[in-house]
Structures are given as C-alpha cells and as structure tokens.
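K.L.:
Got a structure for you, written out below as structure tokens; questions coming shortly.
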Amino acid sequence: MEKEKDKGFIDRIWDFFASIRLAIVVFASLALTSVIGTVLEQNADPERNIRLLAKLFGNAAAPTLFNIFESLGFMDMYHSWWFVTILMLFAANLIICSIDRLPRILKVAKEPIKPLLEDRFKGFGIKKEFVMNGGLEKTKGAVSQSIKKVLGFNPSEVKEESGYQLYSQKGNYTRLGVYVTHFSILVILLGAVIGIFFGFKGFLNLPEGKTYSVAFSRTGSMAQTQEFERVLNAVEASAGNLQNASKLLGIDENSLRTMMRKFGIFPLGFNIRCDMFNVDFYGKSDMPKAYRSWLSVIKDGKEVMKKIIEVNEPLKYEGITFYQASYGLVPGGVENGIFRFKVTSKEGKTEELNARFGGSFTLPGTTLTAKIEDFSPALGFDQATNRPFTYAKQMNNPAVLISFFESGNRKFGGWILKRYPETWALPDGYTLEFLDLWGSQYTGLQVRKDPGVWIVYLGCIAMAVGLFTAFFMSHRRIWVRLIDERNTTRVIIGASANKNKQAFERKVDKLVDHLTETKKGGK
Amino acid sequence: MDSSTLFGIATMAYILAMIIYIVYLAFKKPQIGVVATTVTVIGFITQTFAILLRWKEFYDIGKMGILRAAPLTNLYESLVFFVWCLILGYLIIEFKYKNRSFGAFITPIAGLALAFIDLTGMDKDIHPLVPALQSNWLLAHVMMSFIAYSTFALAFGTALMYLILKTEKRTEPSYIFWTVTMGIFIVILGAMGLDYLTYKVAIKNPDVLIKSFLFKASFFSNSTAVSLISWIVAIAFIFLLWRYGYLLKKVISAFSLSPEILDEITYKSIAIGFPIFTLGGLIFGAIWADQAWGVYWSWDPKETWSLISWFAYAFFLHSRLLRGWKGKKIAIVAVVGFVMVIFTYLGVNLLLSGLHSYGSME
C-alpha cells in the first residue's frame, strides 16, 4: 500500500514535468518577466532607473519601488536566480517530456506499415472508392505504377481473399521533428552555459601604434588602483609573458593569474597592435561609411597576422575574436601624434613627410619651410562670417593650419583639409596632401572568446531542421484494396497524414484522376 | 517615374480596394468583388515595381553590391515590405479559399500601415547604409522577419474575425476582449493622427513625434479640458464598440465564412510564420549580432521582445494540444501574439528608447 502511494506521488511529479501545461506556464512566465527587463534598464546606473520609475509612478514611490525591484534582482534580471530557475524548469520540461513521449513516437516511426483489415477502411479521413475496367492483375499493376509515379511511394502488396491490398508510407521519421526542435533548445542552452563558464567577453581600447597583450572585462573591478596599474604595467612590460611578469612583480605565476582575474585583466596569449584607425564617410557628408582598424597579431616576437577589420568583419586568432565596436580620441593625441603628409612636386615626384604639432619641415626641392600652426579634428566655416571653427570632437573633418616661410618671412598659408583635395594645392604647383594625424585615435575593440558558440550554432541548425520538418513535412500513409469483380476491379483507397491532410488529399485526388484516365486510355 | 510616385499609386489602390471590399461586404454583388480583387492586384503589381525601382535607386547611390541595396533598411521601407507581404499572403488565401470577405479585413491593415507612414511623417529618403547594416545578413534577416510578421498579421485578422463570430453575449470575456482591443487600436491611431495634424510643422520623424508629442494633442494635452474630453471620447468610443460590436458579427456571418475555416487559417498562418520567424528573425539575427558585435544574444530590448513574441506563438502552438484550449482562448493568444509583434517592431524603437531617453530633445 505504502509503496503504491509513494509511486503515485513520483508519477505525479513526473507527469507535471512532462506536461504541456508546464510548458505554457514557462512560456508565459518567461515572456512576462522579460517584459519588465526591457522596461527597466539592465545593469544601468541606479540613478537612471529611479528616474524612470519616477516617470512612471511618481517621485514619491520611485525610491521604494527601486529598492523592491533591486532586491528581487530586476536590475540584472536575466542573470537573477529566479530567471535562471525558470530557464532550468524549461530545460527539465523539455528533457522529461522527451523521455516520456519519445519511445512511443519512435515506435510509430520505426514500425513498418502493415495491411489493414477490411472494416478499418471505413474510418479514414481520406477515402476514395471507384471501379476500374480490367482484371485484377492488370489493375494491380496500374495502381502500383500510379502510386509510384504520382505519390512517389513504393507500395508493398499482399494477397487477400477477394483480391490484393497495396500499402505504403512516407515521412514516418518526420514525426521526430518536434523532438529535434526540443532537443535543439537544450543544445543551445548548453552552448550558452559553456560560453558563460569558459568564455570571456571584454573590450580593449587600442591607440594607434600601441601593442597590448591583454583585454579588459567590463564586469571586473576596473578601479584604477595603483595595484591594478602595477600588474598591468608588469604584464605589458613582459609582452604578455606571465612568467616574466610574475618575476618582475616578485610573486608566483598563479597568484598573478588570480590577481588578473580579480582585476578583470584577460591574457590574450599573444600581442595585438593597432597600426591605424580610420573612419570613411559618404562623399562630403558626415555619415559614416566604414570604421576600419589595421590590426597586427604578434606571437613570440613574430608578426603572424595582419588584417583590416570593420564592423561585420572581425579578426579571429587562436579562438579570440576582435570586433570593431567603437573609437575615440587619445588624450594628448594632438600633441603626441604625428602629422603625415604626401608632397607631390610640379614634376609629379611624391614623397611622404612627417611632423609634430608646432614643428616644421622643408618642402623637398624648394627653400620653403612649412610650420604646423593649428589643428582641428572637425573644421567647419561659419556661413555668415566664413570664420573657421571646430564643429565636433571626433575626427569628422581633420584639418591642419600650415604657414609657409621662406628665409624667415611668411609667404602664404592656410587650412589643409584631409577630406578636401581642393585645399591641398599650393600656389607654385605643388600639392600637399594631409594624410593623417597618426596616434591621435584609439580603436575600441570588443574582445571575445566563446568556446560554446559552435554548440549554439549546431543547436540553431538542429532547430531549423526540426522546425521545418515539424511544420512543413508529414507522415503520410496509404492503403489500397483491390477487389476482384470479374471483368472489373473495385478500388478502395484509405489514406492519412498526421499534418496538412488537405494537401495529401489533393495528391490522392490526383492519383485517382491518373488512374481513371489510364482506364479511359485503355479502352 | 521614380519609386515614390509608384508607391503613392499603390497606396491609393489599396485604400480604394479597402473601400470596394467593404462595399462588396455590404451589397454582396460578385462583380464588385472582382473589381476589388482587380484593384488590389493592380496595387500589388505597382508596389512590386516600386520596390524593385527603389532597390535600383539604392544600388545606384550606395554602390555596395546588389544584395546590400535591398530597400529594407529603415522603418519606412520595412513597413512598405510588410504591406507587400501581407497583400501577397491575402491574394494567396483569396485564391485558395475562393472567398473575398477577408479582403475587407486585410486591406484595412495594409491601409493603416501605409497611413501610419504618413501620420507619423516618416522619413522616406534613401540613406546610405551605416556600417553596422553593411552585411549580407540584412536581406535574409529582415526579409524573413517581415514575411513572418505578415503571416502573423493574417492570423491576427482571422483570429479577430473568429472572436467576432464566436462570441454571443456582451458580458463574455472574449467579447469584451475583442471589442476593447479593437477600440484601443483605433483610439491610439486616431490620437496619433491628431498629434500629427496639430504638430505637423514641428515633427521631423517618428522618433520626435513619439518622444515629444505623443498624445500631446489629446490625452496628455497641456489644457486640462482637452485632456479630459479626449479621455471621455476614447472611453465613450470603446463603450460604443462594446455596446454595438455584435453588429459586425452579422456582417461577417452573412458570408460563407465558417469559424472552422477562420480557425484553420489562423493556425496555418502561424504554422508557416513560426519556423520562418525562428530561422530568419531569431537565428539569423543572432548570427549577425555575433558577427557584428561579438555577442549572439545580449538581452537587449529588441532581441528580448522578439523572444517574447516567439514565446507567445510557442504558447499558441502548444496550447492547441491542451484539452479545453480550443477555439476562443487560442484566438485570443493569436491576437495577443500580434500585439507583441507590433511592439517588437515599433514599440521598442519608438517607445522604449523614448522611455530611456528622459525627455531630452536632442
């Protein structure tokens, strides 16, 4: 008695986890809680969400509401214990539901089709009956041919008392589509978990000309403490060789790794250098066309890879991927950067020249000295007064003000704009192209290592296959009885499809048309 | 002739078709039905040419390859494509089920979507692609998403009609649900139209409309009187729709539209849309995000809302298998699912970004 009761309880739990009811409760709760997560800004400044709540519920209630939401984990809700619990319920539901139903479905799918008893023919959704001229054997051949030709099925046959029965099925394994879909969700969840535990997601702001051997985590304690700087400097001084870095710091390698983890410093295992960064614009507009970084990978002192990356065109090396994410100006970039020019003489000879801010250079083949007087990252001219001004902080329209001197006397000068070739021409037939202020910008890279991503992709493929099988394919079966009526043969068709019955019925109608036409042709 | 002229002709054709379909519903003359279908087909062909022409115009400006010149890059273009898919889906149904009565319910959705473009003063210019959109995934992802959206819209239409047909009493929850949902829909569109007419000059794009002027001409007006009257009118309208909504039932049931056919179309539309949405919307979206930003899933509002819509339709597909969930309850799920889709598509861009912007005008 006791045992039976106990079993009943376990069975009930099992049934609960295998039920569709749980599935729809999970769908509803994931959907409803996710809504809250899109309204409250995730991982944001508390200030922002308090202002948001004040907007929705008034100033008085906002701080209290914020505290309630925060203690429930809503400020980072997709990682909160209860959201993860719902996801685990989802996974448990999928697993147990599959274990519960799969054996039965597998049996149906594997089972070879068998001939049916006479009375079973009455119960079909698709039912056809007609009489064909010609004897039994001839009709059997015609029907068998037509089934092959019209339906693409390969029918088996059995001799019956009154004639023959032909039967065939197709797409029996499409019944598994649902389970492939369910399984794929588990695979995707597994891939995501692997990514969370063994992957890394971070960033690296890499100035032009600089080399780094690490990336930084957004969630790590990024406080710019002295210790953080000391560790980072030691690692960078030894070009990412942690053994050397730990010697520099006077600690062992393992405690260095622990410290780095604490600070959110992720060792790449190689060095990455930004050779240049540039924004391309559409025509003369300020609409960006492409953000490009020229990157080099250096491993063991040797350059092993070079690539120009863009948004949608990342660089991948040893499982770590670098994405073009942002850009910006390096503090003191104008003073420390290098102005790069290309001079073309009257004869068409070109030469590249470099200079510093406030510095000067001689135009080759002349006695002219050019002096860099000023720089603007985004030069515009006031429409009314035609006076120059800087209209943006970023390098939207870099321009350099140059004066040309001959034996100490200023001859001429003016703004040379990188994006406007008409400003490059000098009075005496020379052109001076402003190439770049190199070293003044950094490229913002998103850095990621995710060993789980391939599992996620496999899951996605499985999901696509599963869904398309589940929704667009069906298990179709057909039985045909041929009854000998001396010179004619009665044909009785019974057919079924587990999905989209109408489409199969149309096919069966076609089969009937085909047969009755053959009959006419035979006359 | 440029693409915008052709789009204008198509819009006119759809609005005309909508009127003719409604006249057809009222008088039931087959000739009128043929005219309605003809006008719709003319509109559809014109719109097809317009889309192809805009594709070419985009290609000539962008010079980035034919796949990256697909006119699916902003709200305006995507709405136009949505309408195109919707009309195509409708024409297929009309042909397959030999029934024109849906036209009176589908062409208004197309008309409303196109009216929404003009009501919000949406930017119709061709802009070259920003770097993030320069990917071949754009075409597959956006196209499949919108094909799925239009199947969901069809399911929404038929589910709503199913509810209209199946509800008996005014006190029935399903009846209250469909009248109130429909009422709120019409009220919101009307209020937005009023905003547009009042602040026409100040509105440069839908973002500005939603962030700064949403319902300022009605519910949130600075004048208490206007605001009060708006609320009263809105509530009165919804009440009237509730009081006299059953009249619509008479109109629909006058046609050979059985609830069973409606239920079947609802299911079939979603059964087609769901796999397409999963593959094109979610999976391709994730692959693209992975390629562009290095995260295949980041729980940002757009992603999360498309997942919410996905759950809504997963709910729909699974609840059909439950006992006691046939019929009206499922139709309600299909209607709610499409409300989620609209929010994914418009609400996230317009409303949530507005919520998070703290009223700054810049």
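By order in the structure tokens, chains are A, B, ...; within a chain, residues start at 1; ligands start at 1, following the order shown.
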Would you kindly return, as a list in words, each protein, DNA or RNA residue with an atom no farther than 10 Å from any atom of Gly285 of chain B, considering only C-alpha atoms and excluding same-chain residues fewer than 6 positions away?
P.N.:
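What passes the distance filter is Trp137, Leu138, Ala140, His141, Val142, Ser145, Thr278, Leu279, Gln291, Tyr296, Trp297 and Glu303 of chain B.
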K.L.:
Would you give me, as a PyMOL selection string, the residues of chain B that come within 9 Å of chain A, using only C-alpha atoms?
P.N.:
chain B and resi 62+128-135+268+271-272+274-276+278-279+283+287-296+299-302+304-305+307-312+314-316+318-319+321-322+348+352+355-356+358
K.L.:
Write a file of the selected residues as a CSV table (one decimal), in the first residue's frame, keeping C-alpha atoms.
P.N.:
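Writing the result to result36.csv gives the following:
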```csv
chain,number,residue,atom,x,y,z
B,62,GLY,CA,25.2,53.0,-52.3
B,128,PRO,CA,23.3,55.0,-47.5
B,129,LEU,CA,23.9,52.1,-45.1
B,130,VAL,CA,25.6,52.8,-41.8
B,131,PRO,CA,28.5,50.4,-41.1
B,132,ALA,CA,26.5,48.0,-38.8
B,133,LEU,CA,24.0,47.3,-41.6
B,134,GLN,CA,26.6,46.5,-44.2
B,135,SER,CA,26.1,42.8,-44.2
B,268,LYS,CA,-1.9,27.6,-40.8
B,271,ALA,CA,2.5,27.3,-38.6
B,272,ILE,CA,4.1,28.9,-41.6
B,274,PHE,CA,6.7,30.5,-36.7
B,275,PRO,CA,9.5,28.5,-38.4
B,276,ILE,CA,10.3,31.4,-40.7
B,278,THR,CA,12.6,31.4,-35.7
B,279,LEU,CA,15.1,31.0,-38.5
B,283,ILE,CA,18.6,32.6,-35.6
B,287,ILE,CA,24.4,35.0,-36.2
B,288,TRP,CA,24.5,38.6,-37.5
B,289,ALA,CA,24.8,40.0,-34.0
B,290,ASP,CA,27.6,37.5,-33.3
B,291,GLN,CA,29.4,38.7,-36.4
B,292,ALA,CA,28.9,42.4,-35.9
B,293,TRP,CA,29.1,42.8,-32.2
B,294,GLY,CA,30.6,39.6,-30.9
B,295,VAL,CA,27.6,38.5,-28.9
B,296,TYR,CA,24.9,36.3,-30.3
B,299,TRP,CA,19.1,40.6,-23.9
B,300,ASP,CA,18.8,44.0,-25.5
B,301,PRO,CA,15.1,45.2,-25.7
B,302,LYS,CA,14.8,44.4,-29.4
B,304,THR,CA,14.1,40.3,-25.8
B,305,TRP,CA,10.8,41.5,-27.4
B,307,LEU,CA,11.8,36.4,-28.0
B,308,ILE,CA,8.6,37.4,-26.1
B,309,SER,CA,6.7,37.2,-29.4
B,310,TRP,CA,8.3,33.9,-30.1
B,311,PHE,CA,7.1,32.6,-26.7
B,312,ALA,CA,3.6,33.9,-27.4
B,314,ALA,CA,5.1,28.9,-28.9
B,315,PHE,CA,2.3,29.3,-26.3
B,316,PHE,CA,-0.2,29.3,-29.2
B,318,HIS,CA,1.4,24.2,-27.6
B,319,SER,CA,-1.9,25.3,-26.1
B,321,LEU,CA,-2.6,20.4,-27.8
B,322,LEU,CA,-4.2,21.0,-24.4
B,348,VAL,CA,10.9,49.0,-28.9
B,352,LEU,CA,11.3,52.1,-25.1
B,355,LEU,CA,11.4,55.9,-22.0
B,356,HIS,CA,15.1,55.6,-21.7
B,358,TYR,CA,14.5,61.0,-20.3
```
K.L.:
Identify all residues of segment 43-174 of chain B in alpha helix (DSSP H) (DSSP on the backbone) and supply them as a ChimeraX atom specification.
P.N.:
/B:43-62,75-97,103-119,137-166,173-174
K.L.:
By how many Å are atom CA of Gly319 of chain A and atom CA of Leu249 of chain A apart?
P.N.:
28.7 Å
K.L.:
May I have the residues within 12 Å of Ile342 of chain B as a list in words, using only C-alpha atoms and disregarding those fewer than 4 positions away in the same chain?
P.N.:
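The residues satisfying every condition are Leu79, Phe82, Ala113, Phe146, Tyr149, Ser150, Phe152, Ala153, Phe156, Phe185, Lys302, Trp305, Ser306, Ile308, Ser309, Val335, Val336, Gly337, Phe338, Leu346, Gly347, Val348, Asn349, Leu350 and Leu351 of chain B.
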K.L.:
Excluding segment 358-373 of chain A and its own-chain neighbours fewer than 6 positions away, which residues fall within 12 Å of it when counting only C-alpha atoms? Please give them as a PyMOL selection string.
P.N.:
chain A and resi 334-347+349-352+399-416+426-432+434+437
K.L.:
Residues near Arg481 of chain A, anyone? I mean within 12 Å using only C-alpha atoms, not counting same-chain ones fewer than 2 positions away, as a ChimeraX atom specification.
P.N.:
/A:115-121,127-131,136,139-140,143-144,156-167,478-479,483-484,489-495
